[in-house]
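**Q** Sharing work_26.pdb here; it has PDB, C-alpha atoms.
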MODEL        1
ATOM      1  CA  MET B   1       5.748 -20.239  46.430  1.00  0.00           C
ATOM      2  CA  THR B   2       8.811 -18.164  47.170  1.00  0.00           C
ATOM      3  CA  THR B   3       9.508 -14.774  45.648  1.00  0.00           C
ATOM      4  CA  ASN B   4      12.484 -16.310  43.860  1.00  0.00           C
ATOM      5  CA  SER B   5      10.214 -18.824  42.116  1.00  0.00           C
ATOM      6  CA  LEU B   6       7.893 -16.019  41.016  1.00  0.00           C
ATOM      7  CA  SER B   7      10.904 -14.096  39.825  1.00  0.00           C
ATOM      8  CA  GLU B   8      12.122 -17.091  37.808  1.00  0.00           C
ATOM      9  CA  MET B   9       8.689 -17.609  36.257  1.00  0.00           C
ATOM     10  CA  VAL B  10       8.448 -13.929  35.358  1.00  0.00           C
ATOM     11  CA  GLU B  11      11.927 -14.096  33.787  1.00  0.00           C
ATOM     12  CA  LYS B  12      10.730 -16.968  31.596  1.00  0.00           C
ATOM     13  CA  LEU B  13       7.670 -14.902  30.688  1.00  0.00           C
ATOM     14  CA  ILE B  14       9.864 -11.917  29.814  1.00  0.00           C
ATOM     15  CA  GLU B  15      12.072 -14.146  27.635  1.00  0.00           C
ATOM     16  CA  THR B  16       8.989 -15.475  25.854  1.00  0.00           C
ATOM     17  CA  LEU B  17       7.571 -11.982  25.332  1.00  0.00           C
ATOM     18  CA  SER B  18      10.954 -10.839  23.993  1.00  0.00           C
ATOM     19  CA  SER B  19      10.957 -13.745  21.545  1.00  0.00           C
ATOM     20  CA  GLU B  20       7.426 -12.836  20.483  1.00  0.00           C
ATOM     21  CA  ALA B  21       8.512  -9.240  19.865  1.00  0.00           C
ATOM     22  CA  VAL B  22      11.370 -10.473  17.645  1.00  0.00           C
ATOM     23  CA  VAL B  23       8.971 -12.679  15.674  1.00  0.00           C
ATOM     24  CA  PHE B  24       6.596  -9.711  15.239  1.00  0.00           C
ATOM     25  CA  GLU B  25       9.492  -7.541  14.008  1.00  0.00           C
ATOM     26  CA  ASP B  26      10.490 -10.248  11.531  1.00  0.00           C
ATOM     27  CA  PHE B  27       6.887 -10.600  10.372  1.00  0.00           C
ATOM     28  CA  LEU B  28       6.629  -6.844   9.856  1.00  0.00           C
ATOM     29  CA  LYS B  29       9.792  -6.948   7.713  1.00  0.00           C
ATOM     30  CA  LEU B  30       8.291  -9.789   5.682  1.00  0.00           C
ATOM     31  CA  LEU B  31       5.096  -7.785   5.167  1.00  0.00           C
ATOM     32  CA  SER B  32       7.181  -4.900   3.838  1.00  0.00           C
ATOM     33  CA  GLN B  33       8.980  -7.311   1.501  1.00  0.00           C
ATOM     34  CA  GLN B  34       5.600  -8.681   0.430  1.00  0.00           C
ATOM     35  CA  GLN B  35       4.485  -5.155  -0.368  1.00  0.00           C
ATOM     36  CA  GLU B  36       7.562  -4.650  -2.530  1.00  0.00           C
ATOM     37  CA  MET B  37       6.910  -7.952  -4.329  1.00  0.00           C
ATOM     38  CA  LEU B  38       3.299  -6.936  -4.969  1.00  0.00           C
ATOM     39  CA  VAL B  39       4.327  -3.587  -6.406  1.00  0.00           C
ATOM     40  CA  ASN B  40       6.981  -5.221  -8.602  1.00  0.00           C
ATOM     41  CA  ASN B  41       4.678  -8.101  -9.598  1.00  0.00           C
ATOM     42  CA  ASP B  42       7.335 -10.596  -8.468  1.00  0.00           C
ATOM     43  CA  ILE B  43       5.352 -13.820  -8.134  1.00  0.00           C
ATOM     44  CA  ASP B  44       8.344 -16.009  -7.197  1.00  0.00           C
ATOM     45  CA  GLY B  45       9.445 -13.528  -4.543  1.00  0.00           C
ATOM     46  CA  LEU B  46       5.877 -13.274  -3.299  1.00  0.00           C
ATOM     47  CA  ASN B  47       5.686 -17.054  -2.906  1.00  0.00           C
ATOM     48  CA  ARG B  48       8.998 -17.114  -0.983  1.00  0.00           C
ATOM     49  CA  VAL B  49       7.896 -14.311   1.339  1.00  0.00           C
ATOM     50  CA  THR B  50       4.504 -15.934   1.904  1.00  0.00           C
ATOM     51  CA  GLU B  51       6.194 -19.188   2.956  1.00  0.00           C
ATOM     52  CA  LEU B  52       8.436 -17.297   5.382  1.00  0.00           C
ATOM     53  CA  GLN B  53       5.341 -15.549   6.764  1.00  0.00           C
ATOM     54  CA  ARG B  54       3.709 -18.931   7.373  1.00  0.00           C
ATOM     55  CA  GLN B  55       6.786 -20.026   9.325  1.00  0.00           C
ATOM     56  CA  LYS B  56       6.680 -16.864  11.448  1.00  0.00           C
ATOM     57  CA  VAL B  57       2.974 -17.373  12.160  1.00  0.00           C
ATOM     58  CA  ALA B  58       3.698 -20.934  13.320  1.00  0.00           C
ATOM     59  CA  GLU B  59       6.549 -19.635  15.510  1.00  0.00           C
ATOM     60  CA  SER B  60       4.252 -16.989  16.952  1.00  0.00           C
ATOM     61  CA  GLN B  61       1.595 -19.579  17.768  1.00  0.00           C
ATOM     62  CA  LEU B  62       4.115 -21.714  19.660  1.00  0.00           C
ATOM     63  CA  LEU B  63       5.337 -18.704  21.631  1.00  0.00           C
ATOM     64  CA  SER B  64       1.759 -17.682  22.377  1.00  0.00           C
ATOM     65  CA  GLN B  65       1.042 -21.156  23.754  1.00  0.00           C
ATOM     66  CA  ARG B  66       4.212 -20.978  25.879  1.00  0.00           C
ATOM     67  CA  ARG B  67       3.192 -17.513  27.151  1.00  0.00           C
ATOM     68  CA  ASP B  68      -0.310 -18.732  28.029  1.00  0.00           C
ATOM     69  CA  LYS B  69       1.159 -21.696  29.908  1.00  0.00           C
ATOM     70  CA  LEU B  70       3.541 -19.464  31.848  1.00  0.00           C
ATOM     71  CA  VAL B  71       0.758 -17.034  32.742  1.00  0.00           C
ATOM     72  CA  ALA B  72      -1.380 -19.935  33.984  1.00  0.00           C
ATOM     73  CA  GLU B  73       1.539 -21.218  36.087  1.00  0.00           C
ATOM     74  CA  ILE B  74       2.142 -17.779  37.577  1.00  0.00           C
ATOM     75  CA  GLN B  75      -1.553 -17.411  38.397  1.00  0.00           C
ATOM     76  CA  SER B  76      -1.800 -20.847  39.948  1.00  0.00           C
ATOM     77  CA  ALA B  77       1.429 -20.648  41.957  1.00  0.00           C
ATOM     78  CA  ASN B  78       0.597 -17.204  43.329  1.00  0.00           C
ATOM     79  CA  ALA B  79      -3.171 -17.566  43.801  1.00  0.00           C
ATOM     80  CA  ILE B  80      -3.900 -14.714  41.391  1.00  0.00           C
ATOM     81  CA  GLU B  81      -7.517 -14.689  40.264  1.00  0.00           C
ATOM     82  CA  GLY B  82      -8.975 -13.269  37.064  1.00  0.00           C
ATOM     83  CA  ASP B  83      -7.160 -12.465  33.857  1.00  0.00           C
ATOM     84  CA  LEU B  84      -3.498 -11.857  34.524  1.00  0.00           C
ATOM     85  CA  ASN B  85      -2.222  -8.880  32.552  1.00  0.00           C
ATOM     86  CA  VAL B  86       0.896  -6.743  32.777  1.00  0.00           C
ATOM     87  CA  SER B  87      -0.769  -4.218  35.089  1.00  0.00           C
ATOM     88  CA  MET B  88      -1.765  -6.961  37.499  1.00  0.00           C
ATOM     89  CA  LEU B  89       1.615  -8.641  37.271  1.00  0.00           C
ATOM     90  CA  LEU B  90       3.369  -5.370  38.165  1.00  0.00           C
ATOM     91  CA  GLU B  91       1.938  -5.697  41.676  1.00  0.00           C
ATOM     92  CA  HIS B  92       3.851  -8.966  42.151  1.00  0.00           C
ATOM     93  CA  VAL B  93       7.249  -8.284  40.572  1.00  0.00           C
ATOM     94  CA  ASP B  94      10.262  -6.129  41.337  1.00  0.00           C
ATOM     95  CA  GLU B  95      10.858  -2.753  39.701  1.00  0.00           C
ATOM     96  CA  HIS B  96      13.365  -4.084  37.159  1.00  0.00           C
ATOM     97  CA  GLN B  97      11.064  -6.833  35.889  1.00  0.00           C
ATOM     98  CA  GLY B  98       8.134  -4.435  35.931  1.00  0.00           C
ATOM     99  CA  GLY B  99      10.002  -1.977  33.735  1.00  0.00           C
ATOM    100  CA  ARG B 100      10.910  -4.711  31.270  1.00  0.00           C
ATOM    101  CA  LEU B 101       7.301  -5.940  31.156  1.00  0.00           C
ATOM    102  CA  ILE B 102       5.990  -2.432  30.479  1.00  0.00           C
ATOM    103  CA  GLN B 103       8.589  -1.906  27.743  1.00  0.00           C
ATOM    104  CA  LEU B 104       7.735  -5.237  26.085  1.00  0.00           C
ATOM    105  CA  ARG B 105       4.013  -4.484  26.259  1.00  0.00           C
ATOM    106  CA  GLU B 106       4.581  -1.156  24.480  1.00  0.00           C
ATOM    107  CA  ILE B 107       6.849  -2.723  21.845  1.00  0.00           C
ATOM    108  CA  ILE B 108       4.387  -5.537  21.112  1.00  0.00           C
ATOM    109  CA  GLN B 109       1.427  -3.153  20.942  1.00  0.00           C
ATOM    110  CA  SER B 110       3.323  -0.877  18.553  1.00  0.00           C
ATOM    111  CA  LEU B 111       4.389  -3.793  16.347  1.00  0.00           C
ATOM    112  CA  THR B 112       0.857  -5.178  16.306  1.00  0.00           C
ATOM    113  CA  GLN B 113      -0.472  -1.807  15.149  1.00  0.00           C
ATOM    114  CA  LYS B 114       2.196  -1.495  12.426  1.00  0.00           C
ATOM    115  CA  ILE B 115       1.526  -5.057  11.252  1.00  0.00           C
ATOM    116  CA  GLY B 116      -2.171  -4.241  10.928  1.00  0.00           C
ATOM    117  CA  GLU B 117      -1.417  -1.100   8.909  1.00  0.00           C
ATOM    118  CA  VAL B 118       0.953  -2.847   6.488  1.00  0.00           C
ATOM    119  CA  ARG B 119      -1.419  -5.817   6.115  1.00  0.00           C
ATOM    120  CA  ASN B 120      -4.202  -3.397   5.199  1.00  0.00           C
ATOM    121  CA  GLN B 121      -1.953  -1.705   2.639  1.00  0.00           C
ATOM    122  CA  ASN B 122      -1.042  -5.072   1.146  1.00  0.00           C
ATOM    123  CA  ALA B 123      -4.704  -6.076   0.997  1.00  0.00           C
ATOM    124  CA  MET B 124      -5.455  -2.823  -0.831  1.00  0.00           C
ATOM    125  CA  LEU B 125      -2.656  -3.562  -3.324  1.00  0.00           C
ATOM    126  CA  LEU B 126      -4.013  -7.062  -3.865  1.00  0.00           C
ATOM    127  CA  ASN B 127      -7.534  -5.754  -4.412  1.00  0.00           C
ATOM    128  CA  ARG B 128      -6.302  -3.180  -6.908  1.00  0.00           C
ATOM    129  CA  SER B 129      -4.384  -5.886  -8.724  1.00  0.00           C
ATOM    130  CA  LYS B 130      -7.493  -8.101  -8.844  1.00  0.00           C
ATOM    131  CA  GLU B 131      -9.559  -5.205 -10.201  1.00  0.00           C
ATOM    132  CA  TYR B 132      -6.934  -4.498 -12.864  1.00  0.00           C
ATOM    133  CA  ILE B 133      -6.838  -8.159 -13.882  1.00  0.00           C
ATOM    134  CA  SER B 134     -10.626  -8.291 -13.973  1.00  0.00           C
ATOM    135  CA  ARG B 135     -10.831  -5.196 -16.191  1.00  0.00           C
ATOM    136  CA  THR B 136      -8.122  -6.558 -18.460  1.00  0.00           C
ATOM    137  CA  MET B 137      -9.911  -9.909 -18.777  1.00  0.00           C
ATOM    138  CA  GLU B 138     -13.176  -8.118 -19.521  1.00  0.00           C
ATOM    139  CA  LEU B 139     -11.532  -6.085 -22.267  1.00  0.00           C
ATOM    140  CA  LEU B 140      -9.833  -9.150 -23.716  1.00  0.00           C
ATOM    141  CA  SER B 141     -13.103 -11.052 -23.750  1.00  0.00           C
ATOM    142  CA  LYS B 142     -14.649  -8.309 -25.880  1.00  0.00           C
ATOM    143  CA  ILE B 143     -12.152  -9.013 -28.664  1.00  0.00           C
ATOM    144  CA  ASN B 144     -14.109 -12.097 -29.753  1.00  0.00           C
ATOM    145  CA  ASN B 145     -17.540 -10.971 -28.510  1.00  0.00           C
ATOM    146  CA  PRO B 146     -17.901  -7.259 -29.109  1.00  0.00           C
ATOM    147  CA  ASP B 147     -20.948  -5.562 -27.668  1.00  0.00           C
ATOM    148  CA  SER B 148     -23.586  -4.494 -30.094  1.00  0.00           C
ATOM    149  CA  GLY B 149     -25.246  -1.095 -30.052  1.00  0.00           C
ATOM    150  CA  TYR B 150     -28.076   0.723 -31.789  1.00  0.00           C
ATOM    151  CA  ALA B 151     -27.957   3.262 -34.584  1.00  0.00           C
ATOM    152  CA  ALA B 152     -30.134   6.375 -34.613  1.00  0.00           C
ATOM    153  CA  ASN B 153     -32.790   4.525 -36.621  1.00  0.00           C
ATOM    154  CA  GLY B 154     -32.957   1.691 -34.067  1.00  0.00           C
ATOM    155  CA  GLU B 155     -31.039  -0.908 -36.062  1.00  0.00           C
ATOM    156  CA  THR B 156     -28.506  -3.079 -34.256  1.00  0.00           C
ATOM    157  CA  VAL B 157     -24.938  -2.104 -34.997  1.00  0.00           C
ATOM    158  CA  GLU B 158     -22.020  -4.394 -34.180  1.00  0.00           C
ATOM    159  CA  ASN B 159     -19.209  -2.470 -32.515  1.00  0.00           C
ATOM    160  CA  GLY B 160     -15.636  -3.274 -33.314  1.00  0.00           C
ATOM    161  CA  SER B 161     -13.157  -4.363 -30.732  1.00  0.00           C
ATOM    162  CA  SER B 162     -12.362  -1.819 -28.067  1.00  0.00           C
ATOM    163  CA  VAL B 163      -8.929  -3.346 -27.473  1.00  0.00           C
ATOM    164  CA  ALA B 164      -5.928  -2.924 -29.732  1.00  0.00           C
ATOM    165  CA  VAL B 165      -3.211  -5.535 -29.551  1.00  0.00           C
ATOM    166  CA  ASP B 166       0.291  -4.798 -30.792  1.00  0.00           C
ATOM    167  CA  ARG B 167       1.544  -8.098 -32.209  1.00  0.00           C
ATOM    168  CA  ARG B 168       4.785  -6.724 -33.671  1.00  0.00           C
ATOM    169  CA  ALA B 169       6.880  -7.917 -30.756  1.00  0.00           C
TER     170      ALA B 169
ENDMDL
END
For the file at hand, write its structure as structure tokens.

**A**
Amino acid sequence: MTTNSLSEMVEKLIETLSSEAVVFEDFLKLLSQQQEMLVNNDIDGLNRVTELQRQKVAESQLLSQRRDKLVAEIQSANAIEGDLNVSMLLEHVDEHQGGRLIQLREIIQSLTQKIGEVRNQNAMLLNRSKEYISRTMELLSKINNPDSGYAANGETVENGSSVAVDRRA
């Protein structure tokens, strides 16, 4: 394989990695929007953002498959053994392509870390929301089935409702 062919394959890999970085940036923006929708309890907005996230995940999977195929082609065409990573690839590319690969690796790693952080924050918001709903449902269920207690003399005493509902509205 000529150096030019390797260079062309690496250019395709760089284009694919660049596209992946854009998809990750878009996904991060969608996660931030999701966070806003969770805080504002905007169910319709949350559904829209979730659908857009699904589309970005599908896009990312296609790009990942393309990247894997390109890496396999580069390995095969250049008799490179083992797992091909950016560090290994730097030995086979020119300085310009190497710099772009290093930059893309750093961008993708940074985006991946930020995505993980925002996803964890969103999961925490969801869990808090579930806990709040659970507590609210528990309190509402006590309206019709109040707990009973015991008086000082041991007799059972029915407690009144612990929830007040304002029905004036």

**Q** Under the PyMOL selection byres ((chain B and resi 99-109) around 10), which residues of this model are included? Write them out as a short mmCIF file (atom, residue, chain, number, x, y, z; two decimals) with C-alpha atoms, in the coordinates of the input.

**A**
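File expr06.cif, as written:
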data_model
loop_
_atom_site.label_atom_id
_atom_site.label_comp_id
_atom_site.auth_asym_id
_atom_site.auth_seq_id
_atom_site.Cartn_x
_atom_site.Cartn_y
_atom_site.Cartn_z
CA VAL B 10 8.45 -13.93 35.36
CA GLU B 11 11.93 -14.10 33.79
CA LEU B 13 7.67 -14.90 30.69
CA ILE B 14 9.86 -11.92 29.81
CA LEU B 17 7.57 -11.98 25.33
CA SER B 18 10.95 -10.84 23.99
CA GLU B 20 7.43 -12.84 20.48
CA ALA B 21 8.51 -9.24 19.86
CA VAL B 22 11.37 -10.47 17.64
CA PHE B 24 6.60 -9.71 15.24
CA GLU B 25 9.49 -7.54 14.01
CA ASN B 85 -2.22 -8.88 32.55
CA VAL B 86 0.90 -6.74 32.78
CA SER B 87 -0.77 -4.22 35.09
CA LEU B 89 1.62 -8.64 37.27
CA LEU B 90 3.37 -5.37 38.16
CA VAL B 93 7.25 -8.28 40.57
CA ASP B 94 10.26 -6.13 41.34
CA GLU B 95 10.86 -2.75 39.70
CA HIS B 96 13.36 -4.08 37.16
CA GLN B 97 11.06 -6.83 35.89
CA GLY B 98 8.13 -4.43 35.93
CA SER B 110 3.32 -0.88 18.55
CA LEU B 111 4.39 -3.79 16.35
CA THR B 112 0.86 -5.18 16.31
CA GLN B 113 -0.47 -1.81 15.15
CA LYS B 114 2.20 -1.50 12.43
CA ILE B 115 1.53 -5.06 11.25
#

**Q** Which is closest to B:Val57 among B:Gly45, B:Glu73, B:Leu38, B:Val23, if we use all atoms listed in the file?

**A** B:Val23

**Q** Kindly give the distance, in Å, that separates atom CA of B:Thr50 and atom CA of B:Lys69, rounded to a single decimal.

**A**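 It comes out at 28.8 Å.
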
**Q** Could the centre and edge lengths of an axis-aligned box, enclosing all atoms of stretch 61-67 of chain B in the file with 6 Å extra on each side, be given in Å to one decimal as AutoDock Vina command-line options?

**A**
--center_x 3.2 --center_y -19.6 --center_z 22.5 --size_x 16.3 --size_y 16.2 --size_z 21.4

**Q** Have a look at B:Ser5, B:Asn47, B:Gln35, B:Ser19 and name the one nearest to B:Leu125; count all atoms listed in the file.

**A** B:Gln35

**Q** Atom CA of B:Phe27 to atom CA of B:Lys56: how many Å, to one decimal?

**A**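 Atom-to-atom, atom CA of B:Phe27 to atom CA of B:Lys56, that is 6.4 Å.
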
**Q** I need the residue set behind the PyMOL selection byres ((chain B and resi 78) around 10) for this file; please write it as a list in words.

**A**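 With the shown file as input, the PyMOL selection byres ((chain B and resi 78) around 10) matches Met1, Thr2, Thr3, Ser5, Leu6, Ala72, Glu73, Ile74, Gln75, Ser76, Ala77, Ala79, Ile80, Glu81 and His92 of chain B.
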
**Q** Would you mind exporting C-alpha atoms of the selected residues as a PDB file, keeping the file's coordinate frame?

**A**
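Output saved as out33.pdb:
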ATOM      1  CA  MET B   1       5.748 -20.239  46.430  1.00  0.00           C
ATOM      2  CA  THR B   2       8.811 -18.164  47.170  1.00  0.00           C
ATOM      3  CA  THR B   3       9.508 -14.774  45.648  1.00  0.00           C
ATOM      4  CA  SER B   5      10.214 -18.824  42.116  1.00  0.00           C
ATOM      5  CA  LEU B   6       7.893 -16.019  41.016  1.00  0.00           C
ATOM      6  CA  ALA B  72      -1.380 -19.935  33.984  1.00  0.00           C
ATOM      7  CA  GLU B  73       1.539 -21.218  36.087  1.00  0.00           C
ATOM      8  CA  ILE B  74       2.142 -17.779  37.577  1.00  0.00           C
ATOM      9  CA  GLN B  75      -1.553 -17.411  38.397  1.00  0.00           C
ATOM     10  CA  SER B  76      -1.800 -20.847  39.948  1.00  0.00           C
ATOM     11  CA  ALA B  77       1.429 -20.648  41.957  1.00  0.00           C
ATOM     12  CA  ALA B  79      -3.171 -17.566  43.801  1.00  0.00           C
ATOM     13  CA  ILE B  80      -3.900 -14.714  41.391  1.00  0.00           C
ATOM     14  CA  GLU B  81      -7.517 -14.689  40.264  1.00  0.00           C
ATOM     15  CA  HIS B  92       3.851  -8.966  42.151  1.00  0.00           C
TER      16      HIS B  92
END

**Q** Return the single residue from B:Gly82, B:Glu138, B:Arg66, B:Gln61 that is closest to B:Met9, with distances computed using only C-alpha atoms.

**A**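 Counting only C-alpha atoms, the residue closest to B:Met9 is B:Arg66.
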
**Q** As an exercise, work out the distance from atom CA of B:Asn120 to atom CA of B:Leu30 in Å and give it to one decimal place.

**A**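 Between these atoms lies a distance of 14.0 Å.
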
**Q** Of the candidates B:Ala58, B:Leu52, B:Met124, B:Leu139, which shows the shortest atom-to-atom distance to B:Lys29, using only C-alpha atoms?

**A**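 Closest to B:Lys29, using only C-alpha atoms: B:Leu52.
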
**Q** Counting only C-alpha atoms, which residue out of B:Glu91, B:Glu117, B:Asp68, B:Glu59 sits closest to B:Asp26?

**A**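 Of all the options, B:Glu59 lies closest to B:Asp26.
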
**Q** From the options B:Ser60, B:Ser7, B:Asn122, B:Ser141, which residue's atoms come nearest to B:Leu46, counting all atoms listed in the file?

**A**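 Closest candidate: B:Asn122.
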
**Q** Using the atoms already present, construct N, CA, C and O atoms for stretch 22-45 of chain B and hand them back as a short mmCIF file (atom, residue, chain, number, x, y, z; two decimals), in the frame of the given file.

**A**
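Writing the result to out19.cif gives the following:
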data_model
loop_
_atom_site.label_atom_id
_atom_site.label_comp_id
_atom_site.auth_asym_id
_atom_site.auth_seq_id
_atom_site.Cartn_x
_atom_site.Cartn_y
_atom_site.Cartn_z
N VAL B 22 10.44 -10.24 18.77
CA VAL B 22 11.37 -10.47 17.64
C VAL B 22 10.62 -11.10 16.47
O VAL B 22 10.81 -10.69 15.31
N VAL B 23 9.75 -12.04 16.74
CA VAL B 23 8.97 -12.68 15.67
C VAL B 23 8.06 -11.64 15.00
O VAL B 23 7.94 -11.60 13.78
N PHE B 24 7.45 -10.77 15.80
CA PHE B 24 6.60 -9.71 15.24
C PHE B 24 7.41 -8.76 14.36
O PHE B 24 6.95 -8.35 13.30
N GLU B 25 8.63 -8.41 14.82
CA GLU B 25 9.49 -7.54 14.01
C GLU B 25 9.84 -8.22 12.68
O GLU B 25 9.80 -7.58 11.63
N ASP B 26 10.18 -9.49 12.75
CA ASP B 26 10.49 -10.25 11.53
C ASP B 26 9.28 -10.31 10.60
O ASP B 26 9.41 -10.16 9.38
N PHE B 27 8.11 -10.52 11.18
CA PHE B 27 6.89 -10.60 10.37
C PHE B 27 6.60 -9.26 9.70
O PHE B 27 6.22 -9.21 8.53
N LEU B 28 6.83 -8.18 10.42
CA LEU B 28 6.63 -6.84 9.86
C LEU B 28 7.58 -6.62 8.67
O LEU B 28 7.18 -6.08 7.64
N LYS B 29 8.83 -7.05 8.82
CA LYS B 29 9.79 -6.95 7.71
C LYS B 29 9.31 -7.76 6.51
O LYS B 29 9.43 -7.31 5.36
N LEU B 30 8.79 -8.95 6.77
CA LEU B 30 8.29 -9.79 5.68
C LEU B 30 7.09 -9.15 5.00
O LEU B 30 6.94 -9.24 3.78
N LEU B 31 6.23 -8.48 5.77
CA LEU B 31 5.10 -7.78 5.17
C LEU B 31 5.57 -6.66 4.26
O LEU B 31 5.00 -6.44 3.19
N SER B 32 6.63 -5.97 4.68
CA SER B 32 7.18 -4.90 3.84
C SER B 32 7.77 -5.49 2.56
O SER B 32 7.62 -4.92 1.47
N GLN B 33 8.45 -6.64 2.69
CA GLN B 33 8.98 -7.31 1.50
C GLN B 33 7.84 -7.76 0.59
O GLN B 33 7.93 -7.66 -0.63
N GLN B 34 6.77 -8.25 1.20
CA GLN B 34 5.60 -8.68 0.43
C GLN B 34 5.04 -7.50 -0.35
O GLN B 34 4.68 -7.64 -1.52
N GLN B 35 4.99 -6.35 0.29
CA GLN B 35 4.49 -5.16 -0.37
C GLN B 35 5.34 -4.82 -1.59
O GLN B 35 4.82 -4.51 -2.66
N GLU B 36 6.65 -4.91 -1.42
CA GLU B 36 7.56 -4.65 -2.53
C GLU B 36 7.34 -5.65 -3.67
O GLU B 36 7.33 -5.28 -4.84
N MET B 37 7.15 -6.91 -3.32
CA MET B 37 6.91 -7.95 -4.33
C MET B 37 5.59 -7.70 -5.06
O MET B 37 5.49 -7.92 -6.27
N LEU B 38 4.59 -7.24 -4.34
CA LEU B 38 3.30 -6.94 -4.97
C LEU B 38 3.44 -5.79 -5.95
O LEU B 38 2.91 -5.84 -7.07
N VAL B 39 4.14 -4.75 -5.55
CA VAL B 39 4.33 -3.59 -6.41
C VAL B 39 5.12 -3.96 -7.66
O VAL B 39 4.81 -3.52 -8.76
N ASN B 40 6.13 -4.82 -7.48
CA ASN B 40 6.98 -5.22 -8.60
C ASN B 40 6.44 -6.42 -9.38
O ASN B 40 7.08 -6.88 -10.31
N ASN B 41 5.30 -6.94 -8.95
CA ASN B 41 4.68 -8.10 -9.60
C ASN B 41 5.64 -9.29 -9.66
O ASN B 41 5.73 -9.98 -10.66
N ASP B 42 6.36 -9.52 -8.58
CA ASP B 42 7.34 -10.60 -8.47
C ASP B 42 6.67 -11.80 -7.81
O ASP B 42 6.67 -11.95 -6.59
N ILE B 43 6.11 -12.67 -8.65
CA ILE B 43 5.35 -13.82 -8.13
C ILE B 43 6.25 -14.79 -7.37
O ILE B 43 5.86 -15.27 -6.29
N ASP B 44 7.44 -15.09 -7.89
CA ASP B 44 8.34 -16.01 -7.20
C ASP B 44 8.74 -15.45 -5.83
O ASP B 44 8.74 -16.17 -4.83
N GLY B 45 9.09 -14.17 -5.81
CA GLY B 45 9.44 -13.53 -4.54
C GLY B 45 8.27 -13.52 -3.58
O GLY B 45 8.44 -13.74 -2.38
#
